[in-house]
Protein chains: 2
Amino acid sequence: MDATFKALSDPSRRKILALLREEDLTAGEIAAHFATSWASVSHHLGVLREAELVVAEREGQFIRYSLNTTVLQDVLQHLMELSS
Amino acid sequence: MDATFKALSDPSRRKILALLREEDLTAGEIAAHFATSWASVSHHLGVLREAELVVAEREGQFIRYSLNTTVLQDVLQHLMELSS
DNA sequence: GTGATATTTAGATGATTATCTTATCATCTA
DNA sequence: TAGATGATAAGATAATCATCTAAATATCAC
């Protein structure tokens, strides 16, 4: 749960999650939405992968990312227990 | 929303929120639950205040802290929009 | 295999952060 | 007012983090 919250604490990473909510995207498509370097975006994707908030799957030359809503549900559960 | 997630990303601060979920507590009562220095706990309380996740109210010699569930609800809303 | 494209990794740097000790501020009691 | 207690602020330090450039890895097309 610690890694999850830490992953969520960066606005770039939350933006990535919001993009993936619309549709699955390759790393390049995600990076295209940012002004920072590809390496920086790749770093954020690594953090999100580590936290299991996203899933990466190679598709030939590309790597396609998708949301793991299960972990997001866990976070929601945790926060609801705090706020209820 | 940024400050809120950053505030939530530290386990000590989430522990403080969990304590406050049970009952309102003074800064000293909160600090008693931690092995770190009072100053460190006070720092965390400052971060939580800044994020408006808690409300501080002076009661004579003491300062009593309570949860601000409104902001927690906002976080929940934000996360639900990501996960739905 | 060679070259081209997609992505990640490595190493470095500057900024932020959590923690500590010490000092300061606020309130109470006598 | 003086001393004691509750709490925060200031200043220092070590660790973590986001970002960069350059290098490495993986796949595809030829």
# chains A, B, ... in the order shown; residues from 1 in each chain; ligands from 1

$ residues_around --residues "DA23 of chain C" --least-positions-apart "3" --cutoff "12 Å" --atoms "only C-alpha atoms (C1' of nucleotides)" --output "VMD selection string"
chain D and resid 8 to 11

$ calpha_fit_rmsd --fixed "chain A" --moving "chain B"
0.0 Å

$ select_by_dssp --residues "chain B" --states "helix (DSSP H, G or I)" --output "JSON, numbers by chain"
{"B": [2, 3, 4, 5, 6, 7, 8, 11, 12, 13, 14, 15, 16, 17, 18, 19, 20, 21, 22, 27, 28, 29, 30, 31, 38, 39, 40, 41, 42, 43, 44, 45, 46, 47, 48, 49, 50, 69, 70, 71, 72, 73, 74, 75, 76, 77, 78, 79, 80, 81, 82, 83]}

$ interface_residues --of "chain B" --to "chain A" --cutoff "6 Å" --atoms "only C-alpha atoms" --output "PyMOL selection string"
chain B and resi 5-6+9+18+69+82-83

$ select_by_dssp --residues "segment 4-81 of chain A" --states "strand (DSSP E or B)" --output "number ranges by chain"
A: 25-26, 54-59, 62-67

$ atom_distance --atom1 "atom C1' of DT5 of chain C" --atom2 "atom CA of Ala32 of chain A"
15.1 Å

$ atom_distance --atom1 "atom CA of Phe62 of chain B" --atom2 "atom C1' of DG6 of chain D"
5.9 Å

$ closest_atom_pairs --of "chain C" --to "chain A" --cutoff "9 Å" --atoms "only C-alpha atoms (C1' of nucleotides)" --output "CSV"
residue,atom,partner,partner_atom,distance
C:DT5,C1',A:Gln61,CA,8.1
C:DA6,C1',A:Phe62,CA,5.9
C:DT7,C1',A:Ala27,CA,7.3
C:DT8,C1',A:Ser42,CA,6.9
